[in-house]
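Listing of input-v7.txt, compact mmCIF, N, CA and C atoms
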```
# COMPACT_ATOMS: atom_id res chain seq x y z
N MET A 103 120.49 110.47 96.11
CA MET A 103 120.13 111.46 95.11
C MET A 103 121.42 112.07 94.58
N ASN A 104 121.56 112.09 93.31
CA ASN A 104 122.75 112.61 92.65
C ASN A 104 122.56 114.11 92.40
N ALA A 105 123.43 114.93 92.99
CA ALA A 105 123.33 116.38 92.83
C ALA A 105 123.47 116.79 91.37
N ASP A 106 124.29 116.05 90.59
CA ASP A 106 124.46 116.38 89.18
C ASP A 106 123.14 116.26 88.41
N LEU A 107 122.32 115.26 88.75
CA LEU A 107 121.02 115.11 88.08
C LEU A 107 120.14 116.31 88.32
N LEU A 108 120.18 116.84 89.53
CA LEU A 108 119.34 118.00 89.84
C LEU A 108 119.77 119.23 89.05
N GLU A 109 121.05 119.30 88.69
CA GLU A 109 121.53 120.43 87.89
C GLU A 109 121.10 120.32 86.44
N THR A 110 120.97 119.08 85.94
CA THR A 110 120.76 118.92 84.50
C THR A 110 119.37 118.42 84.09
N GLU A 111 118.68 117.73 84.97
CA GLU A 111 117.41 117.10 84.59
C GLU A 111 116.20 117.96 84.98
N ASP A 112 115.21 117.97 84.08
CA ASP A 112 113.95 118.65 84.36
C ASP A 112 112.87 117.69 84.85
N LEU A 113 113.12 116.38 84.73
CA LEU A 113 112.16 115.37 85.17
C LEU A 113 112.89 114.30 85.97
N LEU A 114 112.39 114.04 87.18
CA LEU A 114 112.91 112.97 88.03
C LEU A 114 111.81 111.95 88.27
N ASN A 115 112.13 110.68 88.19
CA ASN A 115 111.20 109.61 88.55
C ASN A 115 111.65 109.05 89.90
N LEU A 116 110.93 109.39 90.94
CA LEU A 116 111.32 109.00 92.29
C LEU A 116 110.61 107.73 92.71
N ASN A 117 111.37 106.73 93.15
CA ASN A 117 110.81 105.50 93.69
C ASN A 117 110.71 105.67 95.20
N LEU A 118 109.53 105.97 95.67
CA LEU A 118 109.33 106.23 97.09
C LEU A 118 108.94 104.97 97.85
N SER A 119 108.50 103.95 97.14
CA SER A 119 108.18 102.66 97.76
C SER A 119 108.31 101.59 96.69
N ASP A 120 108.14 100.35 97.08
CA ASP A 120 108.28 99.25 96.13
C ASP A 120 107.28 99.31 94.98
N ASP A 121 106.13 99.91 95.21
CA ASP A 121 105.08 99.89 94.20
C ASP A 121 104.67 101.27 93.71
N ALA A 122 105.47 102.30 93.99
CA ALA A 122 105.06 103.65 93.59
C ALA A 122 106.24 104.46 93.06
N THR A 123 106.12 104.93 91.83
CA THR A 123 107.09 105.84 91.24
C THR A 123 106.38 107.16 90.99
N TYR A 124 107.01 108.25 91.40
CA TYR A 124 106.41 109.57 91.27
C TYR A 124 107.27 110.42 90.33
N PRO A 125 106.71 110.80 89.17
CA PRO A 125 107.44 111.71 88.29
C PRO A 125 107.33 113.14 88.84
N ILE A 126 108.47 113.78 88.99
CA ILE A 126 108.50 115.16 89.49
C ILE A 126 109.14 116.03 88.41
N SER A 127 108.43 117.06 87.96
CA SER A 127 108.94 117.97 86.94
C SER A 127 109.43 119.25 87.60
N ARG A 128 110.61 119.68 87.20
CA ARG A 128 111.16 120.92 87.74
C ARG A 128 110.29 122.10 87.34
N THR A 129 109.98 122.95 88.31
CA THR A 129 109.24 124.18 88.03
C THR A 129 110.14 125.40 88.07
N ARG A 130 111.20 125.32 88.90
CA ARG A 130 112.18 126.42 88.94
C ARG A 130 113.39 125.98 89.75
N THR A 131 114.46 126.75 89.60
CA THR A 131 115.68 126.54 90.37
C THR A 131 116.16 127.89 90.85
N GLU A 132 116.60 127.95 92.09
CA GLU A 132 117.20 129.16 92.63
C GLU A 132 118.65 128.86 92.94
N GLU A 133 119.55 129.50 92.22
CA GLU A 133 120.97 129.25 92.41
C GLU A 133 121.58 130.33 93.31
N ARG A 134 122.31 129.89 94.32
CA ARG A 134 122.99 130.82 95.23
C ARG A 134 124.43 131.02 94.79
N HIS A 135 125.10 129.92 94.47
CA HIS A 135 126.48 129.90 93.97
C HIS A 135 126.56 128.71 93.04
N ALA A 136 127.66 128.59 92.34
CA ALA A 136 127.85 127.42 91.47
C ALA A 136 127.80 126.15 92.32
N GLY A 137 126.89 125.24 91.98
CA GLY A 137 126.74 123.99 92.72
C GLY A 137 126.00 124.11 94.03
N ASP A 138 125.42 125.26 94.30
CA ASP A 138 124.70 125.52 95.56
C ASP A 138 123.34 126.12 95.17
N PHE A 139 122.28 125.29 95.20
CA PHE A 139 121.00 125.74 94.66
C PHE A 139 119.84 124.98 95.29
N THR A 140 118.63 125.47 95.02
CA THR A 140 117.39 124.81 95.42
C THR A 140 116.60 124.46 94.17
N TRP A 141 116.14 123.21 94.12
CA TRP A 141 115.39 122.66 92.99
C TRP A 141 113.94 122.47 93.44
N TYR A 142 112.99 123.07 92.72
CA TYR A 142 111.56 122.96 93.04
C TYR A 142 110.86 122.18 91.94
N GLY A 143 109.97 121.27 92.31
CA GLY A 143 109.24 120.52 91.31
C GLY A 143 107.85 120.13 91.78
N GLU A 144 107.03 119.70 90.81
CA GLU A 144 105.65 119.26 91.07
C GLU A 144 105.39 117.94 90.37
N THR A 145 104.46 117.17 90.93
CA THR A 145 104.04 115.95 90.24
C THR A 145 102.98 116.33 89.21
N GLY A 146 103.07 115.72 88.05
CA GLY A 146 102.12 116.02 87.00
C GLY A 146 100.83 115.24 87.12
N ASN A 147 100.85 114.13 87.87
CA ASN A 147 99.68 113.27 87.90
C ASN A 147 98.92 113.33 89.23
N GLU A 148 99.36 114.18 90.17
CA GLU A 148 98.67 114.28 91.45
C GLU A 148 98.58 115.74 91.87
N PRO A 149 97.40 116.18 92.26
CA PRO A 149 97.33 117.55 92.78
C PRO A 149 98.05 117.62 94.12
N PHE A 150 98.67 118.73 94.40
CA PHE A 150 99.36 119.03 95.66
C PHE A 150 100.66 118.28 95.85
N GLY A 151 101.07 117.45 94.92
CA GLY A 151 102.35 116.76 95.04
C GLY A 151 103.48 117.69 94.64
N ASN A 152 104.54 117.73 95.43
CA ASN A 152 105.67 118.59 95.10
C ASN A 152 106.93 118.08 95.77
N ALA A 153 108.05 118.67 95.38
CA ALA A 153 109.34 118.32 95.96
C ALA A 153 110.23 119.54 95.98
N ILE A 154 111.04 119.63 97.02
CA ILE A 154 112.04 120.68 97.13
C ILE A 154 113.34 120.00 97.54
N PHE A 155 114.41 120.25 96.77
CA PHE A 155 115.72 119.70 97.08
C PHE A 155 116.72 120.85 97.21
N VAL A 156 117.48 120.83 98.27
CA VAL A 156 118.52 121.83 98.50
C VAL A 156 119.87 121.14 98.33
N VAL A 157 120.71 121.72 97.47
CA VAL A 157 122.05 121.18 97.22
C VAL A 157 123.07 122.17 97.77
N GLN A 158 123.91 121.69 98.69
CA GLN A 158 125.01 122.47 99.24
C GLN A 158 126.21 121.54 99.37
N ASN A 159 127.33 121.96 98.84
CA ASN A 159 128.55 121.15 98.91
C ASN A 159 128.33 119.74 98.37
N ARG A 160 127.53 119.63 97.29
CA ARG A 160 127.23 118.37 96.62
C ARG A 160 126.37 117.42 97.45
N GLU A 161 125.87 117.86 98.60
CA GLU A 161 124.96 117.06 99.41
C GLU A 161 123.53 117.54 99.16
N VAL A 162 122.60 116.58 99.10
CA VAL A 162 121.20 116.89 98.80
C VAL A 162 120.34 116.61 100.03
N THR A 163 119.55 117.59 100.39
CA THR A 163 118.53 117.46 101.43
C THR A 163 117.21 117.83 100.78
N GLY A 164 116.13 117.12 101.11
CA GLY A 164 114.87 117.45 100.45
C GLY A 164 113.65 116.99 101.19
N THR A 165 112.52 117.48 100.68
CA THR A 165 111.21 117.10 101.17
C THR A 165 110.34 116.80 99.96
N ILE A 166 109.63 115.68 100.03
CA ILE A 166 108.74 115.26 98.94
C ILE A 166 107.36 115.07 99.54
N ARG A 167 106.36 115.67 98.90
CA ARG A 167 104.97 115.53 99.33
C ARG A 167 104.19 114.94 98.17
N THR A 168 103.54 113.80 98.42
CA THR A 168 102.74 113.16 97.37
C THR A 168 101.33 113.74 97.39
N GLY A 169 100.60 113.51 96.33
CA GLY A 169 99.25 114.03 96.22
C GLY A 169 98.29 113.48 97.26
N ASP A 170 98.60 112.30 97.83
CA ASP A 170 97.72 111.72 98.85
C ASP A 170 98.10 112.18 100.26
N GLY A 171 99.05 113.14 100.34
CA GLY A 171 99.39 113.72 101.64
C GLY A 171 100.59 113.11 102.34
N ALA A 172 101.18 112.07 101.77
CA ALA A 172 102.37 111.48 102.39
C ALA A 172 103.55 112.43 102.24
N ILE A 173 104.37 112.50 103.26
CA ILE A 173 105.56 113.35 103.26
C ILE A 173 106.78 112.48 103.48
N TYR A 174 107.81 112.74 102.69
CA TYR A 174 109.08 112.04 102.81
C TYR A 174 110.19 113.06 102.99
N ALA A 175 111.17 112.71 103.81
CA ALA A 175 112.34 113.55 104.01
C ALA A 175 113.55 112.83 103.44
N LEU A 176 114.35 113.53 102.66
CA LEU A 176 115.59 112.99 102.11
C LEU A 176 116.75 113.64 102.86
N ARG A 177 117.60 112.82 103.46
CA ARG A 177 118.71 113.33 104.25
C ARG A 177 120.01 112.67 103.82
N PRO A 178 121.08 113.46 103.69
CA PRO A 178 122.36 112.88 103.27
C PRO A 178 123.00 112.06 104.39
N LEU A 179 123.66 110.97 103.99
CA LEU A 179 124.44 110.15 104.90
C LEU A 179 125.92 110.35 104.53
N THR A 180 126.66 109.31 104.36
CA THR A 180 128.05 109.42 103.92
C THR A 180 128.23 108.72 102.59
N ASP A 181 129.33 109.00 101.93
CA ASP A 181 129.71 108.34 100.68
C ASP A 181 128.64 108.44 99.60
N GLY A 182 127.93 109.56 99.54
CA GLY A 182 126.93 109.77 98.51
C GLY A 182 125.60 109.06 98.75
N LEU A 183 125.44 108.42 99.88
CA LEU A 183 124.19 107.74 100.21
C LEU A 183 123.23 108.69 100.89
N HIS A 184 121.93 108.36 100.80
CA HIS A 184 120.89 109.17 101.42
C HIS A 184 119.89 108.28 102.14
N ALA A 185 119.25 108.85 103.13
CA ALA A 185 118.15 108.17 103.82
C ALA A 185 116.85 108.80 103.35
N LEU A 186 115.89 107.97 102.98
CA LEU A 186 114.55 108.43 102.65
C LEU A 186 113.66 108.04 103.82
N ILE A 187 113.13 109.04 104.49
CA ILE A 187 112.39 108.84 105.74
C ILE A 187 110.95 109.28 105.53
N ARG A 188 110.03 108.45 105.99
CA ARG A 188 108.61 108.84 106.00
C ARG A 188 108.20 109.03 107.46
N PRO A 189 108.22 110.27 107.92
CA PRO A 189 107.91 110.53 109.33
C PRO A 189 106.45 110.17 109.65
N ASN A 190 106.23 109.72 110.86
CA ASN A 190 104.88 109.46 111.34
C ASN A 190 104.28 110.80 111.78
N MET A 191 103.31 111.29 111.02
CA MET A 191 102.75 112.60 111.29
C MET A 191 101.59 112.57 112.28
N ARG A 192 101.24 111.38 112.77
CA ARG A 192 100.16 111.26 113.75
C ARG A 192 100.65 111.69 115.12
N LYS A 193 99.78 112.34 115.83
CA LYS A 193 100.11 112.73 117.20
C LYS A 193 99.73 111.59 118.13
N ALA A 194 100.57 111.36 119.11
CA ALA A 194 100.32 110.26 120.06
C ALA A 194 99.25 110.64 121.05
```
Just give me the structure of the file as structure tokens.
Amino acid sequence: MNADLLETEDLLNLNLSDDATYPISRTRTEERHAGDFTWYGETGNEPFGNAIFVVQNREVTGTIRTGDGAIYALRPLTDGLHALIRPNMRKA
């Protein structure tokens, strides 16, 4: 995830799987310092779908919830790469 896009774009098209793209529209941004902010968005085509991205030191961490209840976690790695994780929410 490119931190610059979160500063400038109001619409993100997230590819969460090979067959699903989720458009997320920004609903608000809370800025703490220059380049340090939280981006909030909702999906326009699914009820309850939303995303929250936190940008600190140009690194992006986030949570994405789709309308069907799936949750994804976005975590920074190195060299501008990120891991998109879909945690298993079932209890053993």
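Take the candidates A:Asn152, A:Gln158, A:Asn117, A:Thr123 and check each one against His135 in chain A using only C-alpha atoms; the shortest distance goes to A:Gln158.
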- Message: If we count only N, CA and C atoms and set the cut-off at 6.5 Å, which residues sit around range 162-172 of chain A, ignoring sequence neighbours fewer than 5 positions away in its own chain? Please answer as a list in words.
- Response: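 Answer for this query is Met103, Ala105, Glu148, Pro149, Phe150, Gly151, Asn152, Ala153, Ile154, Phe155, Val156, Val157, Arg177 and Pro178 of chain A.
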- Per DSSP on the backbone, what are the strand (DSSP E) residues of chain A, as a count of residues only? 53
- Between A:Ile187, A:Gly143, A:Asp181, A:Thr131, which one has atoms that come closest to Ser119 in chain A, using only C-alpha atoms? A:Ile187
Give the padded box for range 142-158 of chain A as JSON: axis-aligned, covering all atoms listed in the file, 6 Å on each side, centre and edge lengths in Å to one decimal.
```
{"center_x": 111.8, "center_y": 118.2, "center_z": 93.2, "size_x": 40.9, "size_y": 21.8, "size_z": 24.4}
```
Could you pull out the helix (DSSP H, G or I) residues of chain A from DSSP and send them as an mmCIF file with N, CA and C atoms, in the coordinates of the input?
```cif
data_model
loop_
_atom_site.group_PDB
_atom_site.id
_atom_site.type_symbol
_atom_site.label_atom_id
_atom_site.label_comp_id
_atom_site.auth_asym_id
_atom_site.auth_seq_id
_atom_site.Cartn_x
_atom_site.Cartn_y
_atom_site.Cartn_z
ATOM 1 N N ALA A 105 123.430 114.930 92.990
ATOM 2 C CA ALA A 105 123.330 116.380 92.830
ATOM 3 C C ALA A 105 123.470 116.790 91.370
ATOM 4 N N ASP A 106 124.290 116.050 90.590
ATOM 5 C CA ASP A 106 124.460 116.380 89.180
ATOM 6 C C ASP A 106 123.140 116.260 88.410
ATOM 7 N N LEU A 107 122.320 115.260 88.750
ATOM 8 C CA LEU A 107 121.020 115.110 88.080
ATOM 9 C C LEU A 107 120.140 116.310 88.320
ATOM 10 N N LEU A 108 120.180 116.840 89.530
ATOM 11 C CA LEU A 108 119.340 118.000 89.840
ATOM 12 C C LEU A 108 119.770 119.230 89.050
ATOM 13 N N GLU A 109 121.050 119.300 88.690
ATOM 14 C CA GLU A 109 121.530 120.430 87.890
ATOM 15 C C GLU A 109 121.100 120.320 86.440
ATOM 16 N N THR A 110 120.970 119.080 85.940
ATOM 17 C CA THR A 110 120.760 118.920 84.500
ATOM 18 C C THR A 110 119.370 118.420 84.090
#
```
- Message: List the spatial neighbours of Glu111 in chain A as a PyMOL selection string - criterion: any atom at most 12 Å away, only C-alpha atoms, same-chain residues fewer than 6 positions off excluded.
- Response: chain A and resi 104-105+125-131+141-143
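The shortest atom-to-atom distance to Leu107 in chain A, with only C-alpha atoms taken into account, belongs to A:Gly137 out of A:Gly137, A:Ala185, A:Thr145, A:Asn190.
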- Task: Please indicate the distance in Å from CA of Thr140 in chain A to CA of Asp120 in chain A, rounded to one decimal place.
- Result: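 Those two atoms sit 27.1 Å apart.
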- Around the point (112.7, 109.4, 102.5), in the coordinates given by the file, pick out the residues reaching within 6 Å, counting only N, CA and C atoms, and return them as a VMD selection string. chain A and resid 174 to 176 185 to 188
- Item | d(CA of Tyr124 in chain A, CA of Gly146 in chain A) in Å |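 Answer for the CA of Tyr124 in chain A to CA of Gly146 in chain A separation: 8.8 Å.
Here atom N of Glu132 in chain A is placed at a distance of 9.8 Å from atom C of Leu108 in chain A.
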How would range 141-170 of chain A of the given structure read as a file with N, CA and C atoms, as a compact mmCIF listing (two decimals), in the first residue's frame?
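Writing the result to out-v9.txt gives the following:
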```txt
# COMPACT_ATOMS: atom_id res chain seq x y z
N TRP A 141 -6.74 6.99 7.78
CA TRP A 141 -7.65 7.07 6.63
C TRP A 141 -8.81 6.12 6.89
N TYR A 142 -10.05 6.62 6.84
CA TYR A 142 -11.25 5.81 7.06
C TYR A 142 -12.04 5.73 5.76
N GLY A 143 -12.54 4.55 5.43
CA GLY A 143 -13.34 4.42 4.22
C GLY A 143 -14.40 3.34 4.34
N GLU A 144 -15.34 3.37 3.39
CA GLU A 144 -16.44 2.39 3.33
C GLU A 144 -16.58 1.87 1.91
N THR A 145 -17.10 0.65 1.81
CA THR A 145 -17.40 0.11 0.48
C THR A 145 -18.77 0.63 0.07
N GLY A 146 -18.88 1.01 -1.19
CA GLY A 146 -20.15 1.53 -1.67
C GLY A 146 -21.12 0.45 -2.07
N ASN A 147 -20.62 -0.77 -2.33
CA ASN A 147 -21.49 -1.80 -2.86
C ASN A 147 -21.82 -2.90 -1.85
N GLU A 148 -21.34 -2.77 -0.61
CA GLU A 148 -21.63 -3.79 0.40
C GLU A 148 -21.92 -3.11 1.73
N PRO A 149 -23.01 -3.51 2.38
CA PRO A 149 -23.24 -2.96 3.71
C PRO A 149 -22.19 -3.50 4.68
N PHE A 150 -21.80 -2.71 5.63
CA PHE A 150 -20.86 -3.07 6.70
C PHE A 150 -19.42 -3.20 6.25
N GLY A 151 -19.12 -3.00 4.98
CA GLY A 151 -17.74 -3.06 4.53
C GLY A 151 -17.03 -1.76 4.84
N ASN A 152 -15.82 -1.85 5.39
CA ASN A 152 -15.07 -0.64 5.71
C ASN A 152 -13.59 -0.94 5.76
N ALA A 153 -12.81 0.13 5.84
CA ALA A 153 -11.35 0.00 5.95
C ALA A 153 -10.81 1.14 6.79
N ILE A 154 -9.78 0.83 7.54
CA ILE A 154 -9.06 1.83 8.32
C ILE A 154 -7.58 1.60 8.07
N PHE A 155 -6.87 2.66 7.65
CA PHE A 155 -5.44 2.59 7.42
C PHE A 155 -4.75 3.65 8.27
N VAL A 156 -3.72 3.23 8.98
CA VAL A 156 -2.92 4.14 9.80
C VAL A 156 -1.57 4.30 9.13
N VAL A 157 -1.17 5.55 8.89
CA VAL A 157 0.12 5.85 8.28
C VAL A 157 1.00 6.54 9.32
N GLN A 158 2.15 5.94 9.58
CA GLN A 158 3.16 6.52 10.47
C GLN A 158 4.52 6.27 9.86
N ASN A 159 5.31 7.31 9.73
CA ASN A 159 6.65 7.18 9.14
C ASN A 159 6.61 6.50 7.77
N ARG A 160 5.58 6.82 6.98
CA ARG A 160 5.40 6.30 5.62
C ARG A 160 5.07 4.80 5.58
N GLU A 161 4.85 4.18 6.73
CA GLU A 161 4.42 2.77 6.78
C GLU A 161 2.92 2.72 7.00
N VAL A 162 2.26 1.77 6.33
CA VAL A 162 0.80 1.65 6.40
C VAL A 162 0.43 0.35 7.11
N THR A 163 -0.42 0.48 8.10
CA THR A 163 -1.02 -0.66 8.78
C THR A 163 -2.53 -0.49 8.65
N GLY A 164 -3.27 -1.58 8.42
CA GLY A 164 -4.70 -1.40 8.25
C GLY A 164 -5.51 -2.64 8.51
N THR A 165 -6.82 -2.41 8.55
CA THR A 165 -7.80 -3.47 8.68
C THR A 165 -8.90 -3.22 7.66
N ILE A 166 -9.26 -4.27 6.94
CA ILE A 166 -10.32 -4.19 5.93
C ILE A 166 -11.38 -5.21 6.28
N ARG A 167 -12.63 -4.77 6.30
CA ARG A 167 -13.76 -5.67 6.57
C ARG A 167 -14.68 -5.61 5.36
N THR A 168 -14.94 -6.77 4.76
CA THR A 168 -15.84 -6.82 3.61
C THR A 168 -17.28 -6.98 4.09
N GLY A 169 -18.21 -6.72 3.21
CA GLY A 169 -19.62 -6.81 3.57
C GLY A 169 -20.08 -8.20 3.96
N ASP A 170 -19.34 -9.24 3.51
CA ASP A 170 -19.72 -10.61 3.86
C ASP A 170 -19.06 -11.07 5.17
```
